[in-house]
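For reference, model_27.cif (mmCIF, C-alpha atoms):
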```
data_structure
#
loop_
_atom_site.label_atom_id
_atom_site.label_comp_id
_atom_site.auth_asym_id
_atom_site.auth_seq_id
_atom_site.Cartn_x
_atom_site.Cartn_y
_atom_site.Cartn_z
CA MET D 24 9.63 22.92 15.51
CA SER D 25 6.35 23.92 17.01
CA ASN D 26 5.68 26.36 14.26
CA ALA D 27 1.96 25.76 13.74
CA MET D 28 0.02 28.96 14.06
CA LYS D 29 -3.20 30.32 12.66
CA VAL D 30 -3.78 33.95 11.78
CA ARG D 31 -7.17 35.30 10.73
CA VAL D 32 -7.53 38.85 9.47
CA LYS D 33 -10.92 40.46 8.93
CA ASN D 34 -11.53 43.99 7.71
CA LYS D 35 -14.69 45.50 9.25
CA ASN D 36 -15.23 49.06 8.05
CA GLY D 37 -11.61 50.08 8.43
CA VAL D 38 -11.01 48.26 11.72
CA VAL D 39 -9.06 45.11 11.07
CA ASP D 40 -9.55 42.24 13.50
CA VAL D 41 -6.45 40.11 13.88
CA LYS D 42 -6.95 36.78 15.61
CA VAL D 43 -4.05 34.51 16.33
CA ILE D 44 -3.70 31.02 17.76
CA ILE D 45 -0.21 29.61 18.25
CA ASN D 46 0.39 25.96 19.06
CA HIS D 47 2.73 26.15 21.99
CA PRO D 48 2.95 24.31 25.35
CA MET D 49 3.52 27.55 27.36
CA GLU D 50 5.12 25.64 30.25
CA ASN D 51 5.78 28.06 33.08
CA GLY D 52 8.33 25.82 34.79
CA LEU D 53 6.16 25.36 37.89
CA ARG D 54 4.07 22.41 36.81
CA PRO D 55 5.19 18.95 37.99
CA ASN D 56 5.20 16.02 35.61
CA PRO D 57 2.48 13.70 36.98
CA GLN D 58 4.61 10.56 36.39
CA THR D 59 7.99 11.62 37.73
CA GLY D 60 6.98 14.43 40.07
CA GLN D 61 9.75 16.57 38.63
CA LYS D 62 8.98 20.00 37.33
CA ILE D 63 8.56 20.37 33.59
CA PRO D 64 11.17 22.85 32.33
CA ALA D 65 9.88 26.28 31.37
CA HIS D 66 9.10 26.66 27.68
CA PHE D 67 6.97 29.65 26.79
CA ILE D 68 6.62 32.41 24.25
CA ASN D 69 8.28 35.54 25.58
CA GLN D 70 7.97 37.88 22.63
CA PHE D 71 5.13 38.60 20.26
CA LYS D 72 4.86 41.18 17.50
CA ILE D 73 2.46 42.43 14.88
CA LEU D 74 3.86 44.24 11.84
CA VAL D 75 2.00 46.11 9.13
CA ASN D 76 4.03 46.30 5.91
CA ASP D 77 7.12 45.40 7.96
CA GLU D 78 6.55 48.23 10.47
CA GLU D 79 6.07 47.13 14.07
CA VAL D 80 2.68 48.29 15.35
CA LEU D 81 2.49 46.11 18.45
CA VAL D 82 5.26 44.59 20.51
CA SER D 83 4.62 42.47 23.54
CA ARG D 84 6.42 40.47 26.16
CA CYS D 85 4.64 37.54 27.70
CA THR D 86 5.23 34.65 30.07
CA GLY D 87 4.07 31.16 30.90
CA GLY D 88 1.14 32.94 32.54
CA LEU D 89 -0.62 32.81 29.21
CA SER D 90 -2.65 29.68 28.57
CA LYS D 91 -1.38 26.77 26.53
CA ASN D 92 -1.81 27.36 22.78
CA PRO D 93 -2.23 31.09 23.34
CA PHE D 94 -4.99 33.03 21.66
CA TYR D 95 -4.68 36.69 20.79
CA GLY D 96 -7.17 39.19 19.44
CA PHE D 97 -6.16 42.69 18.38
CA LYS D 98 -7.78 45.49 16.40
CA LEU D 99 -5.74 47.42 13.86
CA THR D 100 -6.69 50.81 12.51
CA ASP D 101 -5.08 52.88 9.77
CA VAL D 102 -4.70 49.75 7.63
CA LYS D 103 -5.69 49.50 3.96
CA ALA D 104 -6.75 46.59 1.78
CA ASN D 105 -3.78 44.54 0.55
CA ASP D 106 -1.58 45.69 3.43
CA LYS D 107 0.62 42.89 4.68
CA ILE D 108 0.11 41.85 8.31
CA THR D 109 2.89 39.82 9.86
CA VAL D 110 2.48 38.07 13.19
CA SER D 111 5.65 36.72 14.77
CA TRP D 112 6.67 35.19 18.07
CA SER D 113 9.74 33.76 19.74
CA ASP D 114 10.15 31.70 22.90
CA ASN D 115 12.63 31.26 25.73
CA LYS D 116 14.31 28.33 23.95
CA GLY D 117 15.05 30.38 20.86
CA GLN D 118 12.30 28.90 18.72
CA SER D 119 10.22 31.27 16.68
CA GLY D 120 7.44 31.47 14.14
CA SER D 121 5.96 33.97 11.77
CA THR D 122 2.93 34.10 9.49
CA ASP D 123 1.83 36.68 6.94
CA ALA D 124 -1.73 37.62 6.07
CA VAL D 125 -3.13 40.13 3.60
CA VAL D 126 -5.94 42.53 4.52
CA ASN D 127 -9.10 41.88 2.50
CA MET W 11 16.03 51.57 37.80
CA ASN W 12 12.65 53.10 37.17
CA TYR W 13 14.19 56.29 36.05
CA ASN W 14 16.27 54.44 33.49
CA ARG W 15 13.26 52.79 32.02
CA ARG W 16 11.22 55.97 31.85
CA GLU W 17 14.08 57.77 30.26
CA PHE W 18 14.39 54.99 27.73
CA VAL W 19 10.70 55.07 26.85
CA GLU W 20 10.81 58.81 26.43
CA THR W 21 13.81 58.59 24.16
CA LEU W 22 11.92 56.07 22.09
CA ALA W 23 8.87 58.24 21.82
CA ILE W 24 10.92 61.21 20.75
CA GLY W 25 13.05 59.17 18.36
CA SER W 26 10.32 57.39 16.44
CA GLY W 27 7.35 59.66 16.84
CA GLY W 28 8.81 63.08 17.50
CA ALA W 29 7.40 64.73 14.42
CA LEU W 30 3.99 63.25 15.01
CA LEU W 31 4.14 64.19 18.67
CA ALA W 32 4.75 67.79 17.72
CA MET W 33 1.82 67.80 15.31
CA THR W 34 -0.85 65.99 17.24
CA GLY W 35 0.27 66.24 20.83
CA LEU W 36 -0.60 62.58 21.25
CA ASN W 37 2.12 60.64 22.98
CA VAL W 38 1.80 57.52 20.85
CA ALA W 39 4.54 56.63 18.42
CA ASN W 40 4.10 55.48 14.86
CA ALA W 41 6.20 52.38 15.30
CA VAL W 42 7.02 50.76 18.62
CA GLU W 43 10.01 49.05 20.15
CA LEU W 44 10.50 47.11 23.36
CA PRO W 45 12.29 48.88 26.20
CA ALA W 46 14.38 46.85 28.65
CA ALA W 47 12.40 44.52 30.92
CA ASN W 48 14.27 45.48 34.10
CA GLY W 49 13.21 42.31 35.88
CA ARG W 50 9.54 43.23 36.01
CA PHE W 51 8.49 39.66 35.19
CA ALA W 52 10.41 38.33 38.19
CA GLY W 53 8.19 40.27 40.60
CA LYS W 54 6.47 37.91 43.03
CA ASN W 55 3.64 40.18 44.10
CA VAL W 56 1.70 43.10 42.71
CA ASP W 57 3.76 45.72 44.51
CA GLU W 58 7.04 44.36 43.15
CA VAL W 59 5.63 44.37 39.65
CA LEU W 60 4.23 47.90 39.97
CA ASN W 61 7.58 49.12 41.31
CA ALA W 62 9.43 47.53 38.39
CA LEU W 63 7.01 49.21 36.00
CA GLY W 64 7.30 52.55 37.75
CA ALA W 65 3.53 52.46 38.21
CA GLN W 66 3.22 52.60 42.03
CA SER W 67 1.20 55.78 41.81
CA ALA W 68 -1.22 54.53 39.13
CA SER W 69 -4.69 55.94 39.66
CA LYS W 70 -7.88 53.96 39.25
CA SER W 71 -9.71 54.71 36.02
CA ALA W 72 -13.22 53.90 34.85
CA ASP W 73 -12.05 54.28 31.26
CA ILE W 74 -10.36 50.90 31.29
CA ALA W 75 -12.75 48.03 30.66
CA ILE W 76 -11.83 44.48 31.68
CA LYS W 77 -13.98 41.67 30.42
CA ALA W 78 -13.44 38.44 32.31
CA PRO W 79 -15.67 35.68 33.67
CA GLU W 80 -17.00 36.11 37.21
CA ILE W 81 -16.30 32.46 37.91
CA ALA W 82 -13.67 30.48 36.04
CA SER W 83 -14.02 26.74 36.60
CA ASN W 84 -10.63 26.13 35.02
CA GLY W 85 -7.81 28.43 36.02
CA SER W 86 -5.57 27.28 33.20
CA MET W 87 -7.69 29.08 30.63
CA VAL W 88 -9.36 32.34 31.63
CA SER W 89 -10.47 34.63 28.80
CA VAL W 90 -9.58 38.24 29.47
CA THR W 91 -10.26 41.25 27.27
CA VAL W 92 -8.95 44.71 28.07
CA THR W 93 -10.03 47.87 26.29
CA SER W 94 -8.62 51.26 27.19
CA ASN W 95 -10.65 54.34 26.35
CA LEU W 96 -7.98 56.67 27.70
CA PRO W 97 -6.62 58.96 24.97
CA GLY W 98 -3.00 58.35 24.08
CA THR W 99 -2.83 54.81 25.48
CA GLU W 100 0.56 53.37 24.64
CA TYR W 101 0.92 50.45 27.02
CA ILE W 102 -1.21 47.78 28.69
CA ALA W 103 0.02 45.25 31.25
CA LEU W 104 -2.01 42.25 32.38
CA ILE W 105 -1.58 41.24 36.00
CA ALA W 106 -3.13 38.26 37.79
CA GLU W 107 -2.61 39.41 41.35
CA ASN W 108 -2.29 36.06 43.15
CA ASN W 109 -0.18 34.27 40.55
CA PRO W 110 3.36 33.19 41.56
CA HIS W 111 4.56 35.73 38.98
CA PRO W 112 1.70 38.21 38.68
CA LEU W 113 2.78 40.03 35.51
CA VAL W 114 1.40 37.84 32.75
CA ALA W 115 2.03 39.93 29.66
CA GLU W 116 2.57 43.48 28.50
CA TYR W 117 1.81 45.23 25.24
CA TYR W 118 3.23 48.34 23.61
CA TYR W 119 0.85 49.97 21.16
CA SER W 120 1.56 52.21 18.20
CA LYS W 121 -1.11 54.57 16.93
CA ARG W 122 -2.05 52.10 14.21
CA ILE W 123 -3.56 49.62 16.64
CA GLN W 124 -6.42 50.09 19.08
CA PRO W 125 -5.55 49.84 22.80
CA TYR W 126 -7.32 46.52 23.03
CA VAL W 127 -6.21 42.98 23.74
CA SER W 128 -8.07 39.74 24.02
CA THR W 129 -6.27 36.67 25.30
CA ARG W 130 -6.40 33.70 27.66
CA ILE W 131 -4.39 33.58 30.85
CA LYS W 132 -3.60 31.12 33.65
CA MET W 133 -4.74 31.91 37.19
CA ALA W 134 -3.44 30.12 40.26
CA LYS W 135 -6.39 31.03 42.46
CA THR W 136 -9.23 33.48 42.94
CA SER W 137 -7.89 36.98 42.61
CA ASN W 138 -8.18 40.30 40.91
CA VAL W 139 -7.13 40.64 37.33
CA ARG W 140 -5.55 44.06 37.01
CA ALA W 141 -4.87 46.01 33.86
CA VAL W 142 -2.23 48.70 34.15
CA VAL W 143 -2.40 51.26 31.35
CA LYS W 144 0.03 53.99 30.44
CA ALA W 145 -1.62 56.90 28.67
CA GLY W 146 -0.19 60.35 28.08
CA GLY W 147 2.83 59.47 30.23
CA LYS W 148 0.72 58.55 33.29
CA PHE W 149 -0.24 55.18 34.71
CA PHE W 150 -3.83 54.10 35.36
CA TYR W 151 -5.36 50.82 36.38
CA ALA W 152 -8.60 48.89 36.67
CA SER W 153 -9.24 45.53 38.25
CA ARG W 154 -11.86 42.86 38.29
CA GLU W 155 -12.23 39.79 40.47
CA VAL W 156 -12.28 36.33 38.95
CA LYS W 157 -13.23 33.40 41.16
CA VAL W 158 -11.17 30.39 40.22
CA THR W 159 -12.40 26.89 41.09
CA ILE W 160 -9.35 24.90 39.96
CA GLY W 161 -6.01 26.69 39.78
CA GLY W 162 -4.03 26.57 36.57
CA CYS W 163 -0.45 27.36 37.44
CA GLY W 164 0.70 23.96 38.73
CA GLY W 165 3.22 23.73 41.56
#
```
Could you write out this structure as structure tokens?
Amino acid sequence: MSNAMKVRVKNKNGVVDVKVIINHPMENGLRPNPQTGQKIPAHFINQFKILVNDEEVLVSRCTGGLSKNPFYGFKLTDVKANDKITVSWSDNKGQSGSTDAVVN
Amino acid sequence: MNYNRREFVETLAIGSGGALLAMTGLNVANAVELPAANGRFAGKNVDEVLNALGAQSASKSADIAIKAPEIASNGSMVSVTVTSNLPGTEYIALIAENNPHPLVAEYYYSKRIQPYVSTRIKMAKTSNVRAVVKAGGKFFYASREVKVTIGGCGG
């Protein structure tokens, strides 16, 4: 499972920066394999969510139009110290990943 | 099709943020959920995508800031940051106009997160990057040209 992801959470005067990097090939299904010339099957993250204390604050749909190993930066407000931030994703092959972080 | 989606979004807003809506008048819900995609990602050009979003009549806004490089030497990794200063922003869509499938990603915001996104996208060739924003029930957009030296969509 390509479940490796990094989540960094930083509280700056009440605005919480959330930075995420997910290890994922993000194949859009259009790219040919250089050896065989056949197209590499699509494999990309199509859903991404951020939850604060298990409440969804951001939901997103994405495509293979995002770069390989996608990076995300978001800014949360109305978040207190020790709140739990959960970042989760799932892809078009049914794989998924999730990581928790606690606000400092 | 568009009507269905709009109706759905409105139901959502009323369902999850009705009380808040009544108090503040801001059309941003506390928690968010994904409405149906209605094939918007299958759109092959900007017009098809805008139609699927119901955003054909989006007006240009100076309150949407797009940060992107003027020249991207590598189209497979173009950093794009979008900030909306429109009050009541609930939705941002990222569109790379000349990509085979222009709609790259879309984000639904609750009131607990700033209408801001920073990410990296693929671009097939030189084109405008367009951000479509929904705020207070209306669509707005801004765009910015990125010159791409080597395309990053394959094919």
At most 8 Å to chain D: residues in chain W, only C-alpha atoms, as a PyMOL selection string: chain W and resi 40-44+51+86-88+111+113-124+126-133+163-165
I need the output of the PyMOL selection byres ((chain W and resi 136-148) around 6) for this file as a PyMOL selection string; which residues are they? chain W and resi 37+98-108+135+149-158
re atom CA of Asn55 of chain W and atom CA of Ala134 of chain W: distance 12.9 Å
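When the PyMOL selection byres ((chain D and resi 103-105) around 6) is evaluated on the file shown here, the picked residues come out as Val102, Asp106, Val125, Val126 and Asn127 of chain D.
Take atom CA of Val110 of chain D and atom CA of Asn76 of chain D: the distance between them is 11.1 Å.
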Mind telling me what the PyMOL selection byres ((chain D and resi 29) around 8) catches here, as a VMD selection string? chain D and resid 27 to 28 30 to 31 43 to 45 122
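The gap separating atom CA of Ala78 of chain W from atom CA of Val92 of chain W is 8.8 Å, in Å to one decimal.
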Build an axis-aligned box that encloses every atom of segment 80-99 of chain W listed in the file, pad it by 8 Å on each side, and report its centre and edge lengths in Å to one decimal, as JSON.
```
{"center_x": -9.9, "center_y": 42.5, "center_z": 31.0, "size_x": 30.2, "size_y": 48.8, "size_z": 29.8}
```
May I have the residues within 7 Å of Asn84 of chain W as an mmCIF file with C-alpha atoms, in the coordinates of the input, using only C-alpha atoms and disregarding those fewer than 5 positions away in the same chain?
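Generated output (part-v1.cif):
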```cif
data_model
loop_
_atom_site.group_PDB
_atom_site.id
_atom_site.type_symbol
_atom_site.label_atom_id
_atom_site.label_comp_id
_atom_site.auth_asym_id
_atom_site.auth_seq_id
_atom_site.Cartn_x
_atom_site.Cartn_y
_atom_site.Cartn_z
ATOM 1 C CA VAL W 158 -11.170 30.390 40.220
ATOM 2 C CA THR W 159 -12.400 26.890 41.090
ATOM 3 C CA ILE W 160 -9.350 24.900 39.960
ATOM 4 C CA GLY W 161 -6.010 26.690 39.780
ATOM 5 C CA GLY W 162 -4.030 26.570 36.570
#
```
N, CA and C atoms restored at segment 58-83 of chain D, emitted as an mmCIF file, keeping the file's coordinate frame:
```
data_model
loop_
_atom_site.group_PDB
_atom_site.id
_atom_site.type_symbol
_atom_site.label_atom_id
_atom_site.label_comp_id
_atom_site.auth_asym_id
_atom_site.auth_seq_id
_atom_site.Cartn_x
_atom_site.Cartn_y
_atom_site.Cartn_z
ATOM 1 N N GLN D 58 3.954 11.861 36.230
ATOM 2 C CA GLN D 58 4.610 10.560 36.390
ATOM 3 C C GLN D 58 5.846 10.650 37.299
ATOM 4 N N THR D 59 6.721 11.580 37.029
ATOM 5 C CA THR D 59 7.990 11.620 37.730
ATOM 6 C C THR D 59 7.974 12.565 38.938
ATOM 7 N N GLY D 60 7.021 13.480 38.978
ATOM 8 C CA GLY D 60 6.980 14.430 40.070
ATOM 9 C C GLY D 60 7.964 15.576 39.903
ATOM 10 N N GLN D 61 8.805 15.480 38.860
ATOM 11 C CA GLN D 61 9.750 16.570 38.630
ATOM 12 C C GLN D 61 9.084 17.677 37.824
ATOM 13 N N LYS D 62 9.586 18.876 38.024
ATOM 14 C CA LYS D 62 8.980 20.000 37.330
ATOM 15 C C LYS D 62 9.325 19.988 35.842
ATOM 16 N N ILE D 63 8.331 20.289 35.033
ATOM 17 C CA ILE D 63 8.560 20.370 33.590
ATOM 18 C C ILE D 63 9.292 21.679 33.311
ATOM 19 N N PRO D 64 10.402 21.616 32.559
ATOM 20 C CA PRO D 64 11.170 22.850 32.330
ATOM 21 C C PRO D 64 10.346 23.929 31.632
ATOM 22 N N ALA D 65 10.617 25.164 31.967
ATOM 23 C CA ALA D 65 9.880 26.280 31.370
ATOM 24 C C ALA D 65 10.109 26.312 29.863
ATOM 25 N N HIS D 66 9.045 26.524 29.145
ATOM 26 C CA HIS D 66 9.100 26.660 27.680
ATOM 27 C C HIS D 66 7.902 27.492 27.264
ATOM 28 N N PHE D 67 8.113 28.781 27.102
ATOM 29 C CA PHE D 67 6.970 29.650 26.790
ATOM 30 C C PHE D 67 7.374 30.761 25.833
ATOM 31 N N ILE D 68 6.404 31.279 25.160
ATOM 32 C CA ILE D 68 6.620 32.410 24.250
ATOM 33 C C ILE D 68 6.916 33.630 25.096
ATOM 34 N N ASN D 69 7.997 34.337 24.797
ATOM 35 C CA ASN D 69 8.280 35.540 25.580
ATOM 36 C C ASN D 69 8.250 36.821 24.749
ATOM 37 N N GLN D 70 8.130 36.670 23.438
ATOM 38 C CA GLN D 70 7.970 37.880 22.630
ATOM 39 C C GLN D 70 6.972 37.660 21.512
ATOM 40 N N PHE D 71 6.187 38.695 21.272
ATOM 41 C CA PHE D 71 5.130 38.600 20.260
ATOM 42 C C PHE D 71 5.019 39.941 19.575
ATOM 43 N N LYS D 72 4.897 39.925 18.253
ATOM 44 C CA LYS D 72 4.860 41.180 17.500
ATOM 45 C C LYS D 72 3.826 41.133 16.399
ATOM 46 N N ILE D 73 3.273 42.297 16.088
ATOM 47 C CA ILE D 73 2.460 42.430 14.880
ATOM 48 C C ILE D 73 3.085 43.539 14.040
ATOM 49 N N LEU D 74 3.287 43.255 12.760
ATOM 50 C CA LEU D 74 3.860 44.240 11.840
ATOM 51 C C LEU D 74 2.868 44.501 10.716
ATOM 52 N N VAL D 75 2.777 45.761 10.308
ATOM 53 C CA VAL D 75 2.000 46.110 9.130
ATOM 54 C C VAL D 75 2.987 46.628 8.097
ATOM 55 N N ASN D 76 3.044 45.971 6.954
ATOM 56 C CA ASN D 76 4.030 46.300 5.910
ATOM 57 C C ASN D 76 5.426 46.457 6.513
ATOM 58 N N ASP D 77 5.786 45.486 7.335
ATOM 59 C CA ASP D 77 7.120 45.400 7.960
ATOM 60 C C ASP D 77 7.395 46.488 9.000
ATOM 61 N N GLU D 78 6.371 47.267 9.388
ATOM 62 C CA GLU D 78 6.550 48.230 10.470
ATOM 63 C C GLU D 78 5.868 47.697 11.730
ATOM 64 N N GLU D 79 6.618 47.701 12.845
ATOM 65 C CA GLU D 79 6.070 47.130 14.070
ATOM 66 C C GLU D 79 4.967 48.041 14.631
ATOM 67 N N VAL D 80 3.766 47.496 14.784
ATOM 68 C CA VAL D 80 2.680 48.290 15.350
ATOM 69 C C VAL D 80 2.335 47.829 16.761
ATOM 70 N N LEU D 81 2.699 46.586 17.086
ATOM 71 C CA LEU D 81 2.490 46.110 18.450
ATOM 72 C C LEU D 81 3.663 45.222 18.827
ATOM 73 N N VAL D 82 4.252 45.499 19.985
ATOM 74 C CA VAL D 82 5.260 44.590 20.510
ATOM 75 C C VAL D 82 4.822 44.197 21.918
ATOM 76 N N SER D 83 5.128 42.979 22.275
ATOM 77 C CA SER D 83 4.620 42.470 23.540
ATOM 78 C C SER D 83 5.619 41.497 24.125
#
```
